[in-house]
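Trainee: Below you'll find work02.txt; it's compact mmCIF, C-alpha atoms.
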```
# COMPACT_ATOMS: atom_id res chain seq x y z
CA MET A 96 36.46 53.83 136.39
CA GLN A 97 39.39 51.95 137.91
CA LEU A 98 38.44 48.88 135.91
CA VAL A 99 38.15 50.79 132.64
CA LEU A 100 41.56 52.33 133.21
CA ALA A 101 43.07 48.94 134.05
CA ILE A 102 41.61 47.35 130.90
CA LEU A 103 42.77 50.28 128.77
CA THR A 104 46.34 50.16 130.10
CA SER A 105 46.60 46.40 129.77
CA ALA A 106 45.30 46.62 126.19
CA LEU A 107 47.91 49.29 125.43
CA ILE A 108 50.69 47.24 127.00
CA LEU A 109 49.66 44.10 125.09
CA ALA A 110 49.47 46.00 121.81
CA GLY A 111 52.87 47.60 122.45
CA ALA A 112 54.42 44.23 123.28
CA ALA A 113 52.87 42.70 120.15
CA PHE A 114 54.38 45.42 117.96
CA ALA A 115 57.77 44.97 119.62
CA LEU A 116 57.54 41.24 118.85
CA VAL A 117 56.62 41.99 115.25
CA ALA A 118 59.59 44.33 114.96
CA ALA A 119 61.87 41.57 116.23
CA ILE A 120 60.38 38.99 113.84
CA GLY A 121 60.77 41.48 111.01
CA LEU A 122 64.46 41.97 111.87
CA ASN A 123 64.96 38.24 111.54
CA ARG A 124 62.91 37.52 108.45
CA LEU A 125 63.44 40.43 106.09
CA PRO A 126 66.14 39.90 103.46
CA ASP A 127 68.59 42.82 103.78
CA ILE A 128 69.55 45.62 106.16
CA TYR A 129 67.51 48.21 104.28
CA SER A 130 64.30 46.23 104.59
CA ARG A 131 65.11 45.39 108.18
CA MET A 132 65.31 49.03 109.14
CA HIS A 133 61.68 49.35 108.04
CA ALA A 134 60.58 46.90 110.71
CA ALA A 135 62.86 48.36 113.37
CA SER A 136 61.98 52.01 112.81
CA LYS A 137 58.21 51.74 112.38
CA ALA A 138 56.96 48.88 114.49
CA GLY A 139 59.56 49.74 117.15
CA THR A 140 58.45 53.37 117.41
CA VAL A 141 54.78 52.46 117.67
CA ALA A 142 55.56 49.78 120.25
CA SER A 143 57.50 52.10 122.54
CA GLY A 144 54.86 54.80 122.03
CA LEU A 145 52.06 52.51 123.17
CA LEU A 146 54.05 51.32 126.18
CA LEU A 147 54.89 54.89 127.23
CA LEU A 148 51.26 55.92 126.82
CA ALA A 149 50.20 53.02 129.04
CA VAL A 150 52.62 54.11 131.76
CA GLY A 151 51.38 57.70 131.56
CA LEU A 152 47.71 56.70 131.80
CA GLN A 153 48.24 54.23 134.62
CA SER A 154 50.10 56.75 136.78
CA GLY A 155 47.07 59.07 136.81
CA ASP A 156 49.41 62.02 137.08
CA ILE A 157 49.42 64.74 134.45
CA ALA A 158 53.13 65.43 134.98
CA VAL A 159 54.04 61.77 134.36
CA LEU A 160 51.72 61.60 131.33
CA ALA A 161 53.32 64.73 129.88
CA ARG A 162 56.77 63.23 130.33
CA ALA A 163 55.65 59.97 128.74
CA LEU A 164 54.31 61.89 125.75
CA ALA A 165 57.56 63.87 125.55
CA GLY A 166 59.42 60.56 125.53
CA PHE A 167 57.31 59.33 122.63
CA PHE A 168 57.92 62.61 120.83
CA PHE A 169 61.68 62.11 121.12
CA PHE A 170 61.31 58.54 119.84
CA VAL A 171 59.51 59.87 116.80
CA LEU A 172 62.29 62.43 116.28
CA THR A 173 65.22 60.04 116.69
CA ALA A 174 64.05 56.70 115.25
CA PRO A 175 63.94 57.88 111.62
CA VAL A 176 67.32 59.57 111.96
CA SER A 177 69.03 56.43 113.23
CA ALA A 178 67.34 54.24 110.59
CA HIS A 179 68.39 56.71 107.93
CA LEU A 180 71.99 56.88 109.17
CA LEU A 181 72.31 53.08 109.39
CA ALA A 182 70.95 52.71 105.85
CA MET A 183 73.26 55.40 104.51
CA ALA A 184 76.29 53.99 106.32
CA SER A 185 75.69 50.49 104.96
CA LEU A 186 75.20 51.92 101.49
CA LYS A 187 78.54 53.72 101.72
CA ALA A 188 80.18 50.59 103.15
CA GLY A 189 78.97 48.73 100.08
CA TYR A 190 76.29 46.39 101.38
CA SER A 191 74.25 45.38 98.38
CA MET A 192 70.53 44.98 98.40
CA ALA A 193 68.82 41.60 98.45
CA ASN A 194 68.37 39.64 95.23
CA GLN A 195 64.64 40.21 95.20
CA SER A 196 65.20 43.95 94.75
CA VAL A 197 63.37 45.21 91.70
CA CYS A 198 64.77 48.68 91.20
CA ASN A 199 67.76 50.79 92.11
CA GLU A 200 67.89 54.41 91.01
CA MET A 201 70.73 55.21 93.38
CA PRO A 202 73.74 56.55 91.52
CA VAL A 203 76.95 54.62 92.12
CA VAL A 204 78.55 55.92 95.30
CA ASN A 205 82.29 56.28 95.24
CA ASN A 206 84.22 56.37 98.46
CA GLU A 207 85.39 59.82 99.37
CA MET B 89 49.39 89.11 121.43
CA ILE B 90 49.98 85.74 119.86
CA ILE B 91 53.47 85.77 121.36
CA TYR B 92 52.02 85.99 124.87
CA VAL B 93 49.61 83.12 124.23
CA LEU B 94 52.48 81.10 122.84
CA SER B 95 54.81 81.72 125.78
CA LEU B 96 51.96 80.96 128.18
CA MET B 97 51.51 77.61 126.41
CA MET B 98 55.22 76.95 126.59
CA ALA B 99 55.22 77.82 130.31
CA ILE B 100 52.50 75.22 130.90
CA ILE B 101 54.44 72.61 128.94
CA TRP B 102 57.50 73.52 131.00
CA ALA B 103 55.54 72.98 134.22
CA ALA B 104 54.27 69.63 132.95
CA ILE B 105 57.70 68.37 131.96
CA THR B 106 59.54 69.54 135.06
CA GLY B 107 56.73 67.92 137.05
CA SER B 108 55.87 70.74 139.43
CA ALA B 109 53.09 73.23 138.86
CA THR B 110 53.99 75.74 141.58
CA ILE B 111 53.63 79.43 140.83
CA HIS B 112 57.40 79.95 140.99
CA ASN B 113 58.02 77.28 138.43
CA LEU B 114 55.31 78.68 136.13
CA ILE B 115 56.86 82.15 136.26
CA PHE B 116 60.29 80.69 135.62
CA GLY B 117 58.89 78.75 132.63
CA PHE B 118 57.24 81.90 131.32
CA LEU B 119 60.53 83.83 131.51
CA LEU B 120 62.40 80.98 129.82
CA SER B 121 59.92 80.76 126.96
CA ALA B 122 59.92 84.53 126.55
CA ALA B 123 63.71 84.38 126.24
CA ALA B 124 63.50 81.50 123.77
CA LEU B 125 60.95 83.36 121.64
CA TRP B 126 63.09 86.50 121.79
CA ILE B 127 65.98 84.55 120.29
CA VAL B 128 63.90 83.44 117.30
CA ARG B 129 61.97 86.71 116.95
CA ASP B 130 63.14 87.34 113.39
CA GLU B 131 62.31 83.85 112.19
CA MET B 132 58.62 83.98 112.94
CA SER B 133 56.03 86.41 111.74
CA ALA B 134 52.81 86.81 113.71
CA THR B 135 50.56 87.18 110.66
CA GLY B 136 48.49 84.20 109.75
CA TYR B 137 49.90 82.36 112.68
CA LEU B 138 46.71 80.62 113.73
CA LEU B 139 45.99 79.46 110.20
CA ARG B 140 49.48 78.04 110.01
CA LEU B 141 49.06 76.35 113.39
CA GLY B 142 45.92 74.67 112.07
CA ARG B 143 47.81 73.36 109.05
CA ILE B 144 50.68 72.09 111.21
CA LEU B 145 48.13 70.28 113.37
CA SER B 146 46.56 68.72 110.30
CA LEU B 147 50.03 67.58 109.17
CA LEU B 148 50.52 66.05 112.63
CA LEU B 149 47.20 64.20 112.44
CA LEU B 150 48.02 62.82 109.00
CA PHE B 151 51.38 61.73 110.36
CA PHE B 152 49.95 59.75 113.28
CA LYS B 153 47.44 58.06 110.98
CA GLU B 154 50.22 57.06 108.60
CA LEU B 155 52.45 55.88 111.45
CA ALA B 156 49.75 53.56 112.79
CA LEU B 157 49.07 52.30 109.26
CA SER B 158 52.73 51.65 108.57
CA ALA B 159 53.30 49.70 111.78
CA TRP B 160 50.26 47.62 110.89
CA LYS B 161 51.56 47.04 107.37
CA VAL B 162 54.94 45.87 108.67
CA ALA B 163 53.14 43.56 111.11
CA VAL B 164 51.06 42.01 108.35
CA LEU B 165 54.06 41.70 106.07
CA VAL B 166 56.43 39.93 108.43
CA THR B 167 53.92 37.54 109.97
CA ARG B 168 52.77 36.21 106.62
CA ARG B 169 54.01 32.69 106.04
CA LYS B 170 55.37 33.23 102.54
CA MET B 171 56.99 36.62 102.60
CA GLN B 172 56.80 38.41 99.27
CA VAL B 173 58.95 41.52 99.15
CA LYS B 174 60.16 43.52 96.18
CA PRO B 175 62.43 46.08 97.80
CA GLY B 176 64.32 48.76 95.93
CA ILE B 177 65.62 52.32 96.02
CA PHE B 178 64.02 55.02 93.94
CA ALA B 179 64.86 58.69 93.48
CA PHE B 180 62.13 61.08 94.56
CA PRO B 181 62.32 64.51 92.88
CA LEU B 182 62.08 67.17 95.60
CA THR B 183 59.91 70.25 95.27
CA VAL B 184 60.74 71.62 98.72
CA ASP B 185 64.21 73.09 98.87
CA ARG B 186 64.89 74.43 102.36
CA ASP B 187 67.04 72.28 104.64
CA PHE B 188 64.52 72.00 107.39
CA GLU B 189 61.70 71.08 105.01
CA ILE B 190 63.81 68.35 103.44
CA THR B 191 64.69 67.01 106.88
CA LEU B 192 61.05 67.00 107.92
CA LEU B 193 59.97 65.29 104.71
CA ALA B 194 62.71 62.68 105.05
CA ASN B 195 61.68 61.90 108.62
CA LEU B 196 58.01 61.68 107.70
CA ILE B 197 58.82 59.38 104.77
CA THR B 198 60.78 57.07 107.05
CA LEU B 199 57.88 56.66 109.42
CA THR B 200 55.23 56.03 106.77
CA PRO B 201 54.17 52.76 105.16
CA GLY B 202 56.84 50.91 103.27
CA THR B 203 59.25 53.77 102.62
CA MET B 204 62.49 54.95 104.24
CA SER B 205 64.72 57.78 103.16
CA VAL B 206 68.36 56.84 102.63
CA ASP B 207 70.15 59.85 101.23
CA VAL B 208 69.83 63.26 99.61
CA SER B 209 71.63 64.00 96.36
CA LYS B 210 74.38 66.60 96.52
CA ASP B 211 72.38 69.21 94.59
CA ARG B 212 69.33 68.60 96.84
CA LYS B 213 67.11 67.82 93.90
CA PHE B 214 66.49 64.19 94.75
CA LEU B 215 65.74 62.21 97.85
CA TYR B 216 66.74 58.56 97.62
CA VAL B 217 64.03 56.47 99.17
CA HIS B 218 64.13 52.77 99.96
CA ALA B 219 60.74 51.13 99.49
CA ILE B 220 59.86 47.69 100.72
CA ASP B 221 57.42 47.31 97.85
CA CYS B 222 58.99 48.87 94.79
CA SER B 223 56.63 47.34 92.21
CA ASP B 224 54.84 50.62 91.46
CA VAL B 225 57.33 53.45 91.86
CA GLU B 226 55.26 56.11 90.12
CA ALA B 227 52.28 55.61 92.44
CA THR B 228 54.48 55.83 95.53
CA LYS B 229 56.12 59.01 94.27
CA ARG B 230 52.73 60.57 93.56
CA GLU B 231 51.49 59.61 97.01
CA ILE B 232 54.41 61.36 98.72
CA ALA B 233 54.21 64.44 96.51
CA GLU B 234 50.46 64.89 96.99
CA GLY B 235 50.43 63.89 100.65
CA PHE B 236 53.27 64.99 102.87
CA GLU B 237 55.13 67.30 100.53
CA ARG B 238 52.04 69.32 99.72
CA LYS B 239 51.08 69.51 103.40
CA ILE B 240 54.58 70.69 104.32
CA MET B 241 54.40 73.40 101.66
CA GLU B 242 51.01 74.52 103.00
CA ALA B 243 52.19 74.57 106.58
CA PHE B 244 55.53 76.34 106.18
CA ARG B 245 55.21 78.63 103.17
```
If you convert what's in this file into structure tokens, what do you get?

Mentor:
Amino acid sequence: MQLVLAILTSALILAGAAFALVAAIGLNRLPDIYSRMHAASKAGTVASGLLLLAVGLQSGDIAVLARALAGFFFFVLTAPVSAHLLAMASLKAGYSMANQSVCNEMPVVNNE
Amino acid sequence: MIIYVLSLMMAIIWAAITGSATIHNLIFGFLLSAAALWIVRDEMSATGYLLRLGRILSLLLLFFKELALSAWKVAVLVTRRKMQVKPGIFAFPLTVDRDFEITLLANLITLTPGTMSVDVSKDRKFLYVHAIDCSDVEATKREIAEGFERKIMEAFR
């Protein structure tokens, strides 16, 4: 039982770390801020979720597990909002999209 | 009846989060949740509550599936040697019109494969969505409308 738990937590930690790495690589390689937020918001949320879950399972304490899950829940609530705000702010500040962009149905934003 | 079950559930969550399951803390959590439910008493109707709960749970399940998928998709995309992206922003026509439904839909869109909401038009008819693969806009729009938007309508109408 101990061994199974240990393997499970280490698998979760490795998977979480791998997703965090992918998020970081994505931030570096993707062409513009809008695409970068994709990597940061998705892979980042899953990475922190997996790590928190690993902590909760390893502790063997329901109270700690519940708090870990609550932490993940707040990540899920806040990550999209920050990605959304960053994207909107850069749009208003006038950052253009990368050259590869194939469509833009956004109406022209004038500064208010 | 359903209110009591609900505040009992909330009391248990309270005990879990505060990290002590003593009887005092449970009673305190029960009183707190009763007060919280009393504040929103007009907002919620008890009829069909369980059915609605089932639909909300199904929305939650769909969401976790999509979240896992999207993280995987990002992983595959950025680790490929020759990165092929066709990003773009498209306007998604909204069917839901209440503030909280739009917020929920926007958040769900952000955490699902390849799409991220950027802005809402002033008249709340369109949601501007940035997609990392904008080669087939119509298919993406249909996916959102038939997936999350329909589920939200089922769960909250």

Trainee: Kindly give the distance, in Å, that separates CA of Ala158 (chain A) and CA of Thr110 (chain B), rounded to a single decimal.

Mentor: 12.3 Å

Trainee: From the options B:Leu141, B:Met241, B:Ala104, B:Ile232, which residue's atoms come nearest to chain A, counting only C-alpha atoms?

Mentor: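 Going through B:Leu141, B:Met241, B:Ala104, B:Ile232 one by one, the smallest distance to chain A is for B:Ala104.
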
Trainee: With 7 Å as the limit and counting only C-alpha atoms, what residues in chain A lie close to chain B? Please list them as a PyMOL selection string.

Mentor: chain A and resi 117+120-121+124+130+133-134+137-138+141+158+161-162+175-176+179+182-183+195-201

Trainee: Please dump the current selection as a compact mmCIF listing (two decimals), in the frame of the given file; keep C-alpha atoms.

Mentor:
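Below is the file that was written, out_28.txt:
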```txt
# COMPACT_ATOMS: atom_id res chain seq x y z
CA VAL A 117 56.62 41.99 115.25
CA ILE A 120 60.38 38.99 113.84
CA GLY A 121 60.77 41.48 111.01
CA ARG A 124 62.91 37.52 108.45
CA SER A 130 64.30 46.23 104.59
CA HIS A 133 61.68 49.35 108.04
CA ALA A 134 60.58 46.90 110.71
CA LYS A 137 58.21 51.74 112.38
CA ALA A 138 56.96 48.88 114.49
CA VAL A 141 54.78 52.46 117.67
CA ALA A 158 53.13 65.43 134.98
CA ALA A 161 53.32 64.73 129.88
CA ARG A 162 56.77 63.23 130.33
CA PRO A 175 63.94 57.88 111.62
CA VAL A 176 67.32 59.57 111.96
CA HIS A 179 68.39 56.71 107.93
CA ALA A 182 70.95 52.71 105.85
CA MET A 183 73.26 55.40 104.51
CA GLN A 195 64.64 40.21 95.20
CA SER A 196 65.20 43.95 94.75
CA VAL A 197 63.37 45.21 91.70
CA CYS A 198 64.77 48.68 91.20
CA ASN A 199 67.76 50.79 92.11
CA GLU A 200 67.89 54.41 91.01
CA MET A 201 70.73 55.21 93.38
```

Trainee: If we count only C-alpha atoms and set the cut-off at 9 Å, which residues sit around Phe167 (chain A), ignoring sequence neighbours fewer than 5 positions away in its own chain? Please answer as a PyMOL selection string.

Mentor: chain A and resi 140-141+143-145+147-148+162+172

Trainee: Given the selection you just returned, output its residues as a file containing C-alpha atoms, formatted as a short mmCIF file (atom, residue, chain, number, x, y, z; two decimals), in the frame of the given file.

Mentor:
```cif
data_model
loop_
_atom_site.label_atom_id
_atom_site.label_comp_id
_atom_site.auth_asym_id
_atom_site.auth_seq_id
_atom_site.Cartn_x
_atom_site.Cartn_y
_atom_site.Cartn_z
CA THR A 140 58.45 53.37 117.41
CA VAL A 141 54.78 52.46 117.67
CA SER A 143 57.50 52.10 122.54
CA GLY A 144 54.86 54.80 122.03
CA LEU A 145 52.06 52.51 123.17
CA LEU A 147 54.89 54.89 127.23
CA LEU A 148 51.26 55.92 126.82
CA ARG A 162 56.77 63.23 130.33
CA LEU A 172 62.29 62.43 116.28
#
```

Trainee: In Å to one decimal, how far is CA of Leu146 (chain A) from CA of Ala110 (chain A)?

Mentor: 8.3 Å

Trainee: Write out as a list in words which residues come within 12 Å of Arg238 (chain B) when counting all atoms listed in the file, dropping same-chain ones fewer than 4 positions away.

Mentor: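 That gives Arg143, Ile144, Ser146, Leu147, Leu182, Thr183, Val184, Glu189, Leu193, Arg230, Glu231, Ile232, Ala233, Glu234, Glu242, Ala243, Phe244 and Arg245 of chain B.
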
Trainee: Mind checking which residues fall within 8 Å of Thr104 (chain A), counting all atoms listed in the file, ignoring those fewer than 5 positions away in the same chain, and posting them as a list in words?

Mentor: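 Neighbouring residues, sequence-local ones excluded: Ala149, Val150, Leu152 and Gln153 of chain A.
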
Trainee: Go through A:Ala135, A:Val159, A:Ala113, A:Ala188 one by one, measure the shortest atom-to-atom distance of each to Ala174 (chain A) using only C-alpha atoms, and give the residue with the smallest value.

Mentor: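 Smallest separation from Ala174 (chain A) among the options: A:Ala135.
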
Trainee: Please compute the CA of Pro181 (chain B)-CA of Phe214 (chain B) distance, one decimal, in Å.

Mentor: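 Those two atoms sit 4.6 Å apart.
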